[in-house]
$ cat model_9.txt   # compact mmCIF, C-alpha atoms
# COMPACT_ATOMS: atom_id res chain seq x y z
CA MET L 1 58.05 49.71 117.57
CA ARG L 2 61.34 51.60 117.58
CA LYS L 3 60.06 53.94 114.84
CA LYS L 4 56.90 54.61 116.85
CA LEU L 5 58.96 55.51 119.93
CA ILE L 6 61.11 57.88 117.89
CA ALA L 7 58.01 59.51 116.40
CA LEU L 8 56.45 59.90 119.84
CA GLY L 9 59.69 61.40 121.11
CA LEU L 10 59.78 63.96 118.30
CA ILE L 11 56.16 64.91 118.93
CA LEU L 12 56.90 65.36 122.64
CA LEU L 13 59.90 67.59 121.86
CA LEU L 14 57.77 69.69 119.51
CA VAL L 15 55.03 70.11 122.12
CA LEU L 16 57.56 71.08 124.77
CA SER L 17 59.24 73.62 122.49
CA LEU L 18 55.92 75.20 121.54
CA THR L 19 54.91 75.33 125.19
CA ALA L 20 58.19 77.02 126.08
CA CYS L 21 57.76 79.58 123.29
CA GLY L 22 54.22 80.32 124.42
CA ALA L 23 55.31 80.75 128.02
CA ALA L 24 58.12 83.09 127.04
CA GLN L 25 55.72 85.39 125.27
CA GLN L 26 53.26 85.80 128.15
CA SER L 27 53.56 88.39 130.87
CA ARG L 28 54.35 86.91 134.24
CA ASN L 29 51.88 87.28 137.04
CA PRO L 30 53.17 90.29 139.04
CA GLU L 31 52.50 88.33 142.23
CA ASP L 32 55.22 85.83 141.21
CA ASN L 33 57.88 88.50 141.71
CA LYS L 34 56.84 89.39 145.24
CA ASN L 35 58.12 86.16 146.74
CA ILE L 36 61.30 85.25 144.92
CA SER L 37 63.24 84.63 148.13
CA ALA L 38 62.65 84.21 151.84
CA GLU L 39 65.59 86.59 152.31
CA LEU L 40 64.07 89.45 150.31
CA THR L 41 61.14 91.68 151.23
CA TRP L 42 59.27 93.14 148.27
CA GLU L 43 58.71 96.90 148.44
CA SER L 44 57.19 98.11 145.17
CA SER L 45 56.95 97.79 141.41
CA MET L 46 58.08 100.51 139.06
CA GLU L 47 55.07 102.25 137.52
CA LEU L 48 55.74 102.08 133.80
CA VAL L 49 54.03 104.69 131.66
CA TYR L 50 54.23 103.22 128.16
CA ALA L 51 56.52 100.16 128.12
CA THR L 52 54.97 96.69 128.20
CA GLU L 53 57.99 94.46 127.50
CA PHE L 54 59.72 94.73 130.89
CA GLN L 55 58.89 94.99 134.59
CA VAL L 56 60.88 96.25 137.60
CA ASP L 57 60.39 95.15 141.20
CA LYS L 58 62.16 96.65 144.22
CA TYR L 59 63.11 94.90 147.46
CA GLU L 60 64.51 96.05 150.78
CA GLY L 61 68.25 96.53 150.84
CA GLY L 62 68.51 97.92 147.31
CA TYR L 63 67.86 94.67 145.43
CA THR L 64 65.97 95.00 142.13
CA LEU L 65 64.38 92.36 139.91
CA LEU L 66 64.23 93.07 136.17
CA THR L 67 61.78 90.99 134.17
CA ILE L 68 62.06 90.92 130.38
CA VAL L 69 58.56 89.73 129.54
CA GLN L 70 59.55 87.62 126.55
CA ASP L 71 62.90 86.50 127.91
CA GLY L 72 63.82 86.11 131.58
CA ARG L 73 64.39 87.55 135.07
CA TYR L 74 67.52 89.26 136.43
CA LEU L 75 68.24 90.16 140.04
CA VAL L 76 70.45 93.24 140.36
CA VAL L 77 72.43 92.84 143.58
CA PRO L 78 73.91 95.99 145.22
CA GLU L 79 77.67 96.29 145.48
CA GLY L 80 79.01 94.63 148.61
CA LYS L 81 75.93 92.45 149.13
CA ASN L 82 75.32 88.81 148.33
CA PRO L 83 72.50 87.24 146.31
CA PRO L 84 69.95 85.20 148.28
CA ALA L 85 70.79 81.52 148.54
CA ASP L 86 67.27 80.35 147.70
CA LEU L 87 66.74 82.11 144.37
CA SER L 88 64.91 80.22 141.65
CA SER L 89 67.26 78.80 139.02
CA ASP L 90 65.62 80.85 136.29
CA ILE L 91 66.74 84.16 137.87
CA VAL L 92 70.08 85.47 136.61
CA VAL L 93 72.19 87.33 139.18
CA LEU L 94 73.78 90.63 138.10
CA GLN L 95 76.26 91.88 140.70
CA GLN L 96 76.85 95.63 140.78
CA PRO L 97 78.88 97.39 139.63
CA ILE L 98 78.15 95.91 136.19
CA GLU L 99 81.16 96.83 134.06
CA HIS L 100 82.89 95.99 130.78
CA ILE L 101 79.54 95.33 129.10
CA TYR L 102 79.59 93.69 125.67
CA LEU L 103 76.97 95.74 123.78
CA VAL L 104 75.39 94.13 120.75
CA ALA L 105 71.99 95.88 120.79
CA SER L 106 73.06 99.06 119.00
CA ALA L 107 69.88 101.01 119.84
CA VAL L 108 70.84 100.80 123.52
CA MET L 109 74.07 102.78 123.09
CA ASP L 110 72.21 106.09 122.95
CA MET L 111 70.56 105.24 126.26
CA PHE L 112 73.93 104.70 127.94
CA VAL L 113 75.10 108.04 126.54
CA SER L 114 72.01 109.79 127.96
CA LEU L 115 72.77 108.22 131.35
CA ASP L 116 76.41 109.36 131.25
CA ALA L 117 77.24 105.66 131.63
CA LEU L 118 79.31 105.07 128.53
CA ASP L 119 82.21 104.03 130.75
CA ARG L 120 80.25 100.88 131.68
CA ILE L 121 80.58 99.57 128.12
CA GLY L 122 83.80 97.72 127.39
CA PHE L 123 83.02 96.01 124.11
CA SER L 124 80.99 96.68 120.98
CA ALA L 125 79.69 94.35 118.29
CA LEU L 126 79.95 97.26 115.82
CA LYS L 127 83.21 98.67 114.54
CA GLU L 128 83.88 102.34 115.13
CA GLU L 129 83.02 103.35 111.55
CA SER L 130 79.55 101.81 111.96
CA TRP L 131 78.62 104.05 114.88
CA TYR L 132 76.73 107.27 114.13
CA ILE L 133 76.67 108.27 117.79
CA ASP L 134 79.68 110.56 118.20
CA GLU L 135 80.41 109.57 121.79
CA ALA L 136 80.49 105.85 120.92
CA ARG L 137 82.70 106.33 117.89
CA GLU L 138 85.13 108.55 119.81
CA ALA L 139 85.31 106.05 122.69
CA MET L 140 86.29 103.33 120.24
CA GLU L 141 88.83 105.56 118.52
CA GLN L 142 90.45 106.17 121.91
CA GLY L 143 90.44 102.47 122.80
CA GLU L 144 87.96 102.89 125.66
CA ILE L 145 85.50 100.56 123.93
CA LEU L 146 86.90 97.62 121.99
CA HIS L 147 85.43 95.80 119.02
CA ALA L 148 84.79 92.23 120.18
CA GLY L 149 83.25 90.59 117.14
CA SER L 150 79.69 90.45 115.88
CA TYR L 151 76.68 88.96 117.61
CA ALA L 152 77.19 85.76 115.62
CA ALA L 153 80.95 85.52 116.20
CA PRO L 154 82.10 87.19 119.44
CA ASP L 155 85.77 87.29 120.41
CA TYR L 156 85.27 85.15 123.50
CA GLU L 157 88.91 85.27 124.55
CA GLN L 158 88.99 89.06 124.56
CA ILE L 159 85.65 89.37 126.33
CA VAL L 160 86.62 86.94 129.09
CA SER L 161 90.15 88.29 129.58
CA ARG L 162 88.86 91.78 130.34
CA GLY L 163 86.18 90.67 132.77
CA CYS L 164 82.96 91.26 130.86
CA GLY L 165 80.12 91.60 133.37
CA LEU L 166 77.16 91.40 130.98
CA ALA L 167 76.27 90.90 127.33
CA VAL L 168 73.37 93.05 126.12
CA GLU L 169 72.04 91.39 122.98
CA ASN L 170 69.20 92.09 120.59
CA THR L 171 66.81 89.37 119.49
CA MET L 172 69.11 88.37 116.61
CA ILE L 173 70.93 86.26 119.21
CA TYR L 174 68.18 83.68 118.87
CA HIS L 175 69.33 83.04 115.30
CA THR L 176 72.61 81.79 116.82
CA PRO L 177 71.55 80.25 120.16
CA GLU L 178 74.92 78.53 120.47
CA VAL L 179 76.52 81.96 121.03
CA LYS L 180 74.21 82.72 123.96
CA GLU L 181 74.92 79.28 125.40
CA GLN L 182 78.69 79.76 125.09
CA LEU L 183 78.61 83.18 126.76
CA GLU L 184 76.64 81.71 129.65
CA LYS L 185 79.08 78.79 129.92
CA LEU L 186 81.83 81.38 130.31
CA LYS L 187 79.86 82.88 133.23
CA ILE L 188 78.85 85.98 131.25
CA PRO L 189 75.17 86.82 131.87
CA VAL L 190 73.14 87.56 128.74
CA LEU L 191 70.28 90.09 128.71
CA VAL L 192 68.21 90.30 125.54
CA ASP L 193 66.87 93.77 124.76
CA TYR L 194 63.26 93.84 123.50
CA SER L 195 62.85 97.61 123.31
CA SER L 196 62.25 97.43 119.55
CA TYR L 197 59.17 95.30 120.24
CA GLU L 198 57.41 98.20 121.95
CA SER L 199 54.62 99.45 119.70
CA ASN L 200 54.50 102.86 121.38
CA PRO L 201 57.55 105.05 120.59
CA LEU L 202 57.67 106.26 124.18
CA GLY L 203 57.57 102.65 125.33
CA ARG L 204 60.78 102.08 123.43
CA THR L 205 62.36 105.13 125.05
CA GLU L 206 61.19 104.04 128.50
CA TRP L 207 63.73 101.20 128.43
CA VAL L 208 66.25 103.81 129.53
CA ARG L 209 64.73 103.30 132.99
CA LEU L 210 65.75 99.63 132.94
CA TYR L 211 69.32 100.56 132.02
CA GLY L 212 69.23 103.20 134.73
CA VAL L 213 68.70 100.38 137.23
CA LEU L 214 71.55 98.32 135.75
CA THR L 215 74.01 101.18 135.92
CA GLY L 216 72.84 102.62 139.24
CA LYS L 217 71.75 105.82 137.51
CA GLU L 218 68.02 105.80 138.06
CA ALA L 219 67.76 109.56 138.62
CA GLU L 220 69.52 110.24 135.31
CA ALA L 221 67.20 107.75 133.62
CA GLU L 222 64.09 109.44 134.97
CA ALA L 223 65.36 112.82 133.76
CA ALA L 224 66.19 111.47 130.30
CA PHE L 225 62.80 109.79 129.98
CA GLN L 226 60.94 112.89 131.13
CA SER L 227 62.84 114.98 128.59
CA GLU L 228 61.64 112.69 125.80
CA ILE L 229 58.06 112.82 127.06
CA GLU L 230 58.20 116.61 126.85
CA ALA L 231 59.67 116.43 123.34
CA PHE L 232 56.83 114.15 122.24
CA GLU L 233 54.19 116.35 123.83
CA ALA L 234 55.56 119.41 122.06
CA VAL L 235 54.89 117.74 118.70
CA ASP L 236 51.80 115.69 119.46
CA GLN L 237 49.55 118.72 119.90
CA GLY L 238 48.75 119.67 116.33
CA GLU L 239 45.86 118.61 114.13
CA LYS L 240 46.18 115.78 111.64
CA THR L 241 47.37 116.97 108.25
CA GLY L 242 45.48 114.32 106.30
CA SER L 243 48.66 113.51 104.34
CA THR L 244 49.62 109.89 103.71
CA VAL L 245 53.18 108.65 104.12
CA ALA L 246 55.04 105.57 102.85
CA PHE L 247 58.19 104.49 104.71
CA PHE L 248 60.33 101.85 102.98
CA TYR L 249 63.58 100.68 101.45
CA ILE L 250 64.42 98.45 98.50
CA THR L 251 66.42 95.28 99.07
CA ALA L 252 69.32 94.06 96.96
CA ASN L 253 67.01 91.70 95.05
CA GLY L 254 64.49 94.43 94.22
CA GLU L 255 61.87 93.68 96.87
CA VAL L 256 60.39 96.40 99.08
CA ASN L 257 60.74 96.33 102.86
CA VAL L 258 58.08 98.23 104.83
CA ARG L 259 57.09 98.43 108.49
CA ARG L 260 54.07 96.73 110.00
CA SER L 261 51.33 99.10 111.12
CA SER L 262 51.89 98.00 114.74
CA ASP L 263 55.54 99.11 114.66
CA TYR L 264 56.69 102.24 116.47
CA LEU L 265 57.70 104.07 113.26
CA PRO L 266 54.17 104.15 111.78
CA LYS L 267 53.02 105.33 115.22
CA MET L 268 55.54 108.17 114.99
CA ILE L 269 54.19 109.16 111.57
CA GLU L 270 50.71 109.34 113.09
CA MET L 271 51.95 111.39 116.05
CA ALA L 272 53.56 113.81 113.58
CA GLY L 273 50.16 114.39 111.96
CA GLY L 274 50.35 111.97 109.03
CA SER L 275 48.73 108.67 108.10
CA TYR L 276 50.78 105.58 107.33
CA VAL L 277 49.70 104.10 103.97
CA PHE L 278 49.89 100.53 105.28
CA ASP L 279 47.62 101.27 108.24
CA HIS L 280 46.47 97.64 108.71
CA LEU L 281 49.51 95.79 107.43
CA GLY L 282 50.33 92.59 109.32
CA GLU L 283 47.48 92.86 111.82
CA GLU L 284 46.19 89.41 110.89
CA GLU L 285 49.59 87.75 111.38
CA ASP L 286 50.80 86.52 114.74
CA THR L 287 54.43 87.54 114.53
CA ALA L 288 56.77 89.82 116.44
CA SER L 289 58.62 90.92 113.32
CA SER L 290 58.33 94.64 112.61
CA ASN L 291 59.03 94.29 108.87
CA VAL L 292 57.16 93.01 105.83
CA THR L 293 58.76 92.35 102.45
CA MET L 294 56.68 92.63 99.30
CA GLN L 295 57.12 92.75 95.54
CA MET L 296 57.48 96.18 93.91
CA GLU L 297 54.17 95.75 92.07
CA GLU L 298 52.33 95.18 95.35
CA PHE L 299 54.04 98.19 96.90
CA TYR L 300 53.15 100.31 93.88
CA ALA L 301 49.48 99.40 94.11
CA ALA L 302 49.30 100.45 97.77
CA ALA L 303 51.65 103.47 97.88
CA LYS L 304 51.58 105.11 94.42
CA ASP L 305 49.18 107.82 95.62
CA ALA L 306 50.97 108.53 98.91
CA ASP L 307 51.48 112.26 99.52
CA TYR L 308 55.00 111.71 100.88
CA ILE L 309 57.52 108.92 100.69
CA ILE L 310 60.42 108.42 103.08
CA TYR L 311 63.28 106.20 101.97
CA ASN L 312 64.83 104.33 104.88
CA SER L 313 68.61 104.49 104.37
CA THR L 314 69.61 102.94 107.69
CA THR L 315 70.16 99.44 106.29
CA THR L 316 71.27 100.41 102.78
CA GLU L 317 72.84 103.74 101.86
CA GLU L 318 71.87 107.39 101.97
CA LEU L 319 70.49 108.70 98.68
CA SER L 320 71.66 112.01 97.25
CA SER L 321 68.94 112.62 94.65
CA ILE L 322 65.64 111.41 93.24
CA GLU L 323 67.70 110.00 90.38
CA ASP L 324 69.39 107.69 92.92
CA LEU L 325 65.96 106.55 94.06
CA LEU L 326 64.72 105.88 90.53
CA GLY L 327 67.87 103.86 89.93
CA LYS L 328 66.44 101.30 92.35
CA SER L 329 63.20 100.94 90.36
CA SER L 330 61.89 102.87 87.38
CA LEU L 331 58.34 102.19 88.62
CA LEU L 332 58.91 104.75 91.38
CA GLU L 333 58.76 107.50 88.74
CA LYS L 334 54.99 106.97 88.58
CA PHE L 335 54.49 107.69 92.28
CA GLN L 336 52.57 110.87 93.08
CA ALA L 337 55.10 111.93 95.71
CA VAL L 338 57.96 111.60 93.21
CA GLN L 339 56.12 113.65 90.61
CA GLU L 340 55.37 116.36 93.20
CA GLY L 341 58.87 116.36 94.71
CA LYS L 342 57.74 115.15 98.14
CA VAL L 343 60.49 112.59 98.56
CA TYR L 344 62.62 112.38 101.70
CA CYS L 345 65.43 110.17 102.93
CA THR L 346 66.50 109.26 106.47
CA THR L 347 70.01 109.77 107.74
CA LYS L 348 72.03 106.67 108.62
CA ASN L 349 71.82 107.33 112.36
CA LEU L 350 68.01 107.13 112.62
CA TYR L 351 67.81 103.75 114.38
CA GLN L 352 70.79 104.30 116.65
CA SER L 353 69.29 107.54 118.00
CA SER L 354 66.86 105.83 120.37
CA MET L 355 66.79 108.81 122.73
CA GLU L 356 65.94 111.26 119.97
CA LEU L 357 62.52 109.93 118.95
CA GLY L 358 60.87 113.25 119.85
CA THR L 359 63.22 115.03 117.43
CA ILE L 360 62.50 112.45 114.72
CA ILE L 361 58.75 113.02 115.11
CA SER L 362 59.38 116.76 114.95
CA ASP L 363 61.25 116.22 111.66
CA MET L 364 58.29 114.27 110.27
CA HIS L 365 55.94 117.04 111.37
CA LYS L 366 58.13 119.62 109.62
CA MET L 367 58.08 117.50 106.46
CA LEU L 368 54.27 117.41 106.52
CA THR L 369 53.85 121.12 107.25
CA GLY L 370 56.65 122.64 105.18
CA GLY L 371 58.91 123.34 108.13
CA GLU L 372 62.69 123.62 107.96
CA GLY L 373 65.71 122.58 109.99
CA MET L 374 65.35 118.79 110.07
CA THR L 375 67.94 116.55 111.75
CA TYR L 376 67.12 113.01 110.68
CA LEU L 377 65.32 113.62 107.36
CA TYR L 378 66.34 115.47 104.22
CA GLN L 379 64.53 116.17 100.97
CA LEU L 380 65.68 114.60 97.69
CA GLU L 381 65.77 116.75 94.59

$ encode --input "model_9.txt" --output "structure tokens"
Amino acid sequence: MRKKLIALGLILLLVLSLTACGAAQQSRNPEDNKNISAELTWESSMELVYATEFQVDKYEGGYTLLTIVQDGRYLVVPEGKNPPADLSSDIVVLQQPIEHIYLVASAVMDMFVSLDALDRIGFSALKEESWYIDEAREAMEQGEILHAGSYAAPDYEQIVSRGCGLAVENTMIYHTPEVKEQLEKLKIPVLVDYSSYESNPLGRTEWVRLYGVLTGKEAEAEAAFQSEIEAFEAVDQGEKTGSTVAFFYITANGEVNVRRSSDYLPKMIEMAGGSYVFDHLGEEEDTASSNVTMQMEEFYAAAKDADYIIYNSTTTEELSSIEDLLGKSSLLEKFQAVQEGKVYCTTKNLYQSSMELGTIISDMHKMLTGGEGMTYLYQLE
């Protein structure tokens, strides 16, 4: 009998956990956000152009509700005002001004720079030498931003002693849920950034509007977002080149890491006029991961005839020559792009430059059309 009760208990826990996961991954009914408090009068919802992973609702008195579709809800309370007393327990209160932010989601740093809100960040999960954004590195060199440990091992004492107002994490935090729980126990709100889950490149960039709300710099956010729209439109006007492109890197154990076709990077290749070689990769799998790892033989079969290959150096190291590339696998020598000299490598700062996606697409377009003056790509010889 006791064993049956334990088994039933485990089944119940499993069902509840699956139900919670399913609920977290569904968009909330917009009507739910109109009546979050008897003290607040809903005014409007932000009209998002491309983003699908967050929502913004405005209320009288300057209150704003941020909804991260796959995570939670956050009420941004204006400076000098109090949060409503009847808020639902699932809504996290963020009291402005939000300062001394502990930034773990590295792709967000470029958004704060574009908002001229770098002074809101007090702590970084990256050390200064790991930043490829000049403003962030310089701020750390001058002691304006302090290294406060990694996402898996924050320096809690330092974060608390300096009055951290918010931790902005990426989804890696769910690999160490105890860290999120500890931050919340210390009264530090945790916001998980899902911008990398946007399939449209401009959707990823549109998250700058969310951070504009957090920092009280909505006008700057609108200007930054509009600038990126114009940069995209300047590139996304040409005809398709018909050229195929493989984007990848090789892991330490010799496997090949590529992007799913639903990811924003393959979309950028298409916007630049190319065709991603793995155009249907991962469509049949129900997963939010943007990466797929495969054996070199499988990669060879699919990408050997690609017109161009781009080696992703952001998680490994920048290559200086085709010889460096072949040192990772001799099989690459048989690739058409290698034999024709159409091999390119990304710079290390590609992923951190989240507000430069228009420039990155322009670089890809130049690669495909023989243009010069690239910023985030360079040709290997």

$ closest_residue --input "model_9.txt" --among "L:Arg73, L:His365, L:Arg137, L:His280" --to "L:Glu239" --atoms "all atoms listed in the file"
L:His365

$ atom_distance --input "model_9.txt" --atom1 "atom CA of L:Gly212" --atom2 "atom CA of L:Glu270"
29.1 Å

$ closest_residue --input "model_9.txt" --among "L:Val213, L:Leu115, L:Cys345, L:Leu191" --to "L:Tyr63" --atoms "only C-alpha atoms"
L:Val213

$ atom_distance --input "model_9.txt" --atom1 "atom CA of L:Arg204" --atom2 "atom CA of L:Ile188"
25.4 Å

$ atom_distance --input "model_9.txt" --atom1 "atom CA of L:Tyr194" --atom2 "atom CA of L:Gly61"
27.9 Å

$ residues_around --input "model_9.txt" --residues "L:Met294" --least-positions-apart "6" --cutoff "7 Å" --atoms "all atoms listed in the file" --output "ChimeraX atom specification"
/L:255-257

$ write_last_selection --input "model_9.txt" --atoms "C-alpha atoms" --output "PDB file, in the coordinates of the input"
ATOM      1  CA  GLU L 255      61.870  93.680  96.870  1.00  0.00           C
ATOM      2  CA  VAL L 256      60.390  96.400  99.080  1.00  0.00           C
ATOM      3  CA  ASN L 257      60.740  96.330 102.860  1.00  0.00           C
TER       4      ASN L 257
END

$ residues_near_point --input "model_9.txt" --point "(68.5, 99.2, 137.1)" --cutoff "9 Å" --atoms "only C-alpha atoms" --output "PyMOL selection string"
chain L and resi 56+64-66+76+209-218

$ residues_around --input "model_9.txt" --residues "L:Glu141" --least-positions-apart "3" --cutoff "12 Å" --atoms "all atoms listed in the file" --output "short mmCIF file (atom, residue, chain, number, x, y, z; two decimals) with C-alpha atoms, in the frame of the given file"
data_model
loop_
_atom_site.label_atom_id
_atom_site.label_comp_id
_atom_site.auth_asym_id
_atom_site.auth_seq_id
_atom_site.Cartn_x
_atom_site.Cartn_y
_atom_site.Cartn_z
CA LYS L 127 83.21 98.67 114.54
CA GLU L 128 83.88 102.34 115.13
CA GLU L 129 83.02 103.35 111.55
CA SER L 130 79.55 101.81 111.96
CA TRP L 131 78.62 104.05 114.88
CA ASP L 134 79.68 110.56 118.20
CA GLU L 135 80.41 109.57 121.79
CA ALA L 136 80.49 105.85 120.92
CA ARG L 137 82.70 106.33 117.89
CA GLU L 138 85.13 108.55 119.81
CA GLU L 144 87.96 102.89 125.66
CA ILE L 145 85.50 100.56 123.93
CA LEU L 146 86.90 97.62 121.99
CA HIS L 147 85.43 95.80 119.02
#

$ closest_residue --input "model_9.txt" --among "L:Ile159, L:Ile98, L:Val292, L:Met367" --to "L:Gly274" --atoms "only C-alpha atoms"
L:Met367

$ closest_residue --input "model_9.txt" --among "L:Ile250, L:Met172, L:Val245, L:Leu265" --to "L:Gly327" --atoms "all atoms listed in the file"
L:Ile250

$ residues_around --input "model_9.txt" --residues "L:Val208" --least-positions-apart "4" --cutoff "8 Å" --atoms "only C-alpha atoms" --output "list in words"
Met111, Phe112, Gly212, Ala221, Ala224 and Phe225 of chain L

$ closest_residue --input "model_9.txt" --among "L:Leu332, L:Ala246, L:Thr347, L:Glu198" --to "L:Asp307" --atoms "all atoms listed in the file"
L:Ala246

$ closest_residue --input "model_9.txt" --among "L:Tyr156, L:Tyr300, L:Phe54, L:Tyr264" --to "L:Ala337" --atoms "all atoms listed in the file"
L:Tyr300

$ closest_atom_pairs --input "model_9.txt" --of "stretch 146-196 of chain L" --to "stretch 80-94 of chain L" --cutoff "12 Å" --atoms "only C-alpha atoms" --output "JSON lines"
{"residue": "L:Cys164", "atom": "CA", "partner": "L:Leu94", "partner_atom": "CA", "distance": 11.7}
{"residue": "L:Gly165", "atom": "CA", "partner": "L:Leu94", "partner_atom": "CA", "distance": 8.0}
{"residue": "L:Leu166", "atom": "CA", "partner": "L:Leu94", "partner_atom": "CA", "distance": 7.9}
{"residue": "L:Ala167", "atom": "CA", "partner": "L:Leu94", "partner_atom": "CA", "distance": 11.1}
{"residue": "L:Glu184", "atom": "CA", "partner": "L:Val92", "partner_atom": "CA", "distance": 10.3}
{"residue": "L:Lys187", "atom": "CA", "partner": "L:Val92", "partner_atom": "CA", "distance": 10.7}
{"residue": "L:Ile188", "atom": "CA", "partner": "L:Leu94", "partner_atom": "CA", "distance": 9.7}
{"residue": "L:Pro189", "atom": "CA", "partner": "L:Val92", "partner_atom": "CA", "distance": 7.1}
{"residue": "L:Val190", "atom": "CA", "partner": "L:Val92", "partner_atom": "CA", "distance": 8.7}
{"residue": "L:Leu191", "atom": "CA", "partner": "L:Val92", "partner_atom": "CA", "distance": 9.2}

$ residues_near_point --input "model_9.txt" --point "(57.8, 112.0, 94.9)" --cutoff "10 Å" --atoms "only C-alpha atoms" --output "compact mmCIF listing (two decimals) with C-alpha atoms, keeping the file's coordinate frame"
# COMPACT_ATOMS: atom_id res chain seq x y z
CA LYS L 304 51.58 105.11 94.42
CA ASP L 305 49.18 107.82 95.62
CA ALA L 306 50.97 108.53 98.91
CA ASP L 307 51.48 112.26 99.52
CA TYR L 308 55.00 111.71 100.88
CA ILE L 309 57.52 108.92 100.69
CA ILE L 310 60.42 108.42 103.08
CA ILE L 322 65.64 111.41 93.24
CA LEU L 325 65.96 106.55 94.06
CA LEU L 332 58.91 104.75 91.38
CA GLU L 333 58.76 107.50 88.74
CA LYS L 334 54.99 106.97 88.58
CA PHE L 335 54.49 107.69 92.28
CA GLN L 336 52.57 110.87 93.08
CA ALA L 337 55.10 111.93 95.71
CA VAL L 338 57.96 111.60 93.21
CA GLN L 339 56.12 113.65 90.61
CA GLU L 340 55.37 116.36 93.20
CA GLY L 341 58.87 116.36 94.71
CA LYS L 342 57.74 115.15 98.14
CA VAL L 343 60.49 112.59 98.56
CA TYR L 344 62.62 112.38 101.70
CA GLN L 379 64.53 116.17 100.97
CA LEU L 380 65.68 114.60 97.69
CA GLU L 381 65.77 116.75 94.59

$ axis_aligned_box --input "model_9.txt" --around "stretch 89-99 of chain L" --padding-each-side "5 Å" --output "JSON"
{"center_x": 73.4, "center_y": 88.1, "center_z": 137.4, "size_x": 25.5, "size_y": 28.6, "size_z": 16.7}

$ residues_around --input "model_9.txt" --residues "L:Leu377" --least-positions-apart "6" --cutoff "12 Å" --atoms "only C-alpha atoms" --output "PyMOL selection string"
chain L and resi 247+309-314+318-319+343-350+359-368+371

$ residues_around --input "model_9.txt" --residues "L:Gln352" --least-positions-apart "6" --cutoff "8 Å" --atoms "only C-alpha atoms" --output "PyMOL selection string"
chain L and resi 106-110+132-133

$ decode --input "model_9.txt" --residues "stretch 244-283 of chain L" --atoms "C-alpha atoms" --output "CSV table (one decimal), in the first residue's frame"
chain,number,residue,atom,x,y,z
L,244,THR,CA,23.6,28.3,-50.3
L,245,VAL,CA,25.2,28.9,-47.0
L,246,ALA,CA,26.3,26.7,-44.1
L,247,PHE,CA,26.8,28.3,-40.6
L,248,PHE,CA,28.5,26.1,-38.0
L,249,TYR,CA,31.3,25.4,-35.6
L,250,ILE,CA,33.1,22.3,-34.5
L,251,THR,CA,33.0,21.2,-30.9
L,252,ALA,CA,35.9,20.0,-28.8
L,253,ASN,CA,34.9,16.4,-29.4
L,254,GLY,CA,34.7,16.8,-33.2
L,255,GLU,CA,30.9,17.1,-33.6
L,256,VAL,CA,29.4,19.9,-35.6
L,257,ASN,CA,27.0,22.4,-34.1
L,258,VAL,CA,24.6,24.1,-36.5
L,259,ARG,CA,21.5,26.3,-36.1
L,260,ARG,CA,17.9,25.1,-36.5
L,261,SER,CA,16.1,26.5,-39.5
L,262,SER,CA,13.7,28.4,-37.2
L,263,ASP,CA,16.5,30.3,-35.5
L,264,TYR,CA,17.1,34.0,-36.3
L,265,LEU,CA,20.5,33.5,-37.9
L,266,PRO,CA,19.2,31.3,-40.8
L,267,LYS,CA,16.5,34.0,-41.2
L,268,MET,CA,19.3,36.6,-41.5
L,269,ILE,CA,21.0,34.5,-44.2
L,270,GLU,CA,17.8,34.5,-46.1
L,271,MET,CA,17.2,38.2,-45.7
L,272,ALA,CA,20.8,38.8,-47.0
L,273,GLY,CA,19.8,36.9,-50.2
L,274,GLY,CA,21.1,33.4,-49.4
L,275,SER,CA,19.6,30.1,-48.6
L,276,TYR,CA,20.5,28.2,-45.5
L,277,VAL,CA,21.5,24.6,-46.3
L,278,PHE,CA,19.6,23.1,-43.4
L,279,ASP,CA,16.3,24.8,-44.4
L,280,HIS,CA,14.1,22.3,-42.6
L,281,LEU,CA,16.3,21.3,-39.8
L,282,GLY,CA,14.6,20.6,-36.4
L,283,GLU,CA,11.1,21.5,-37.7
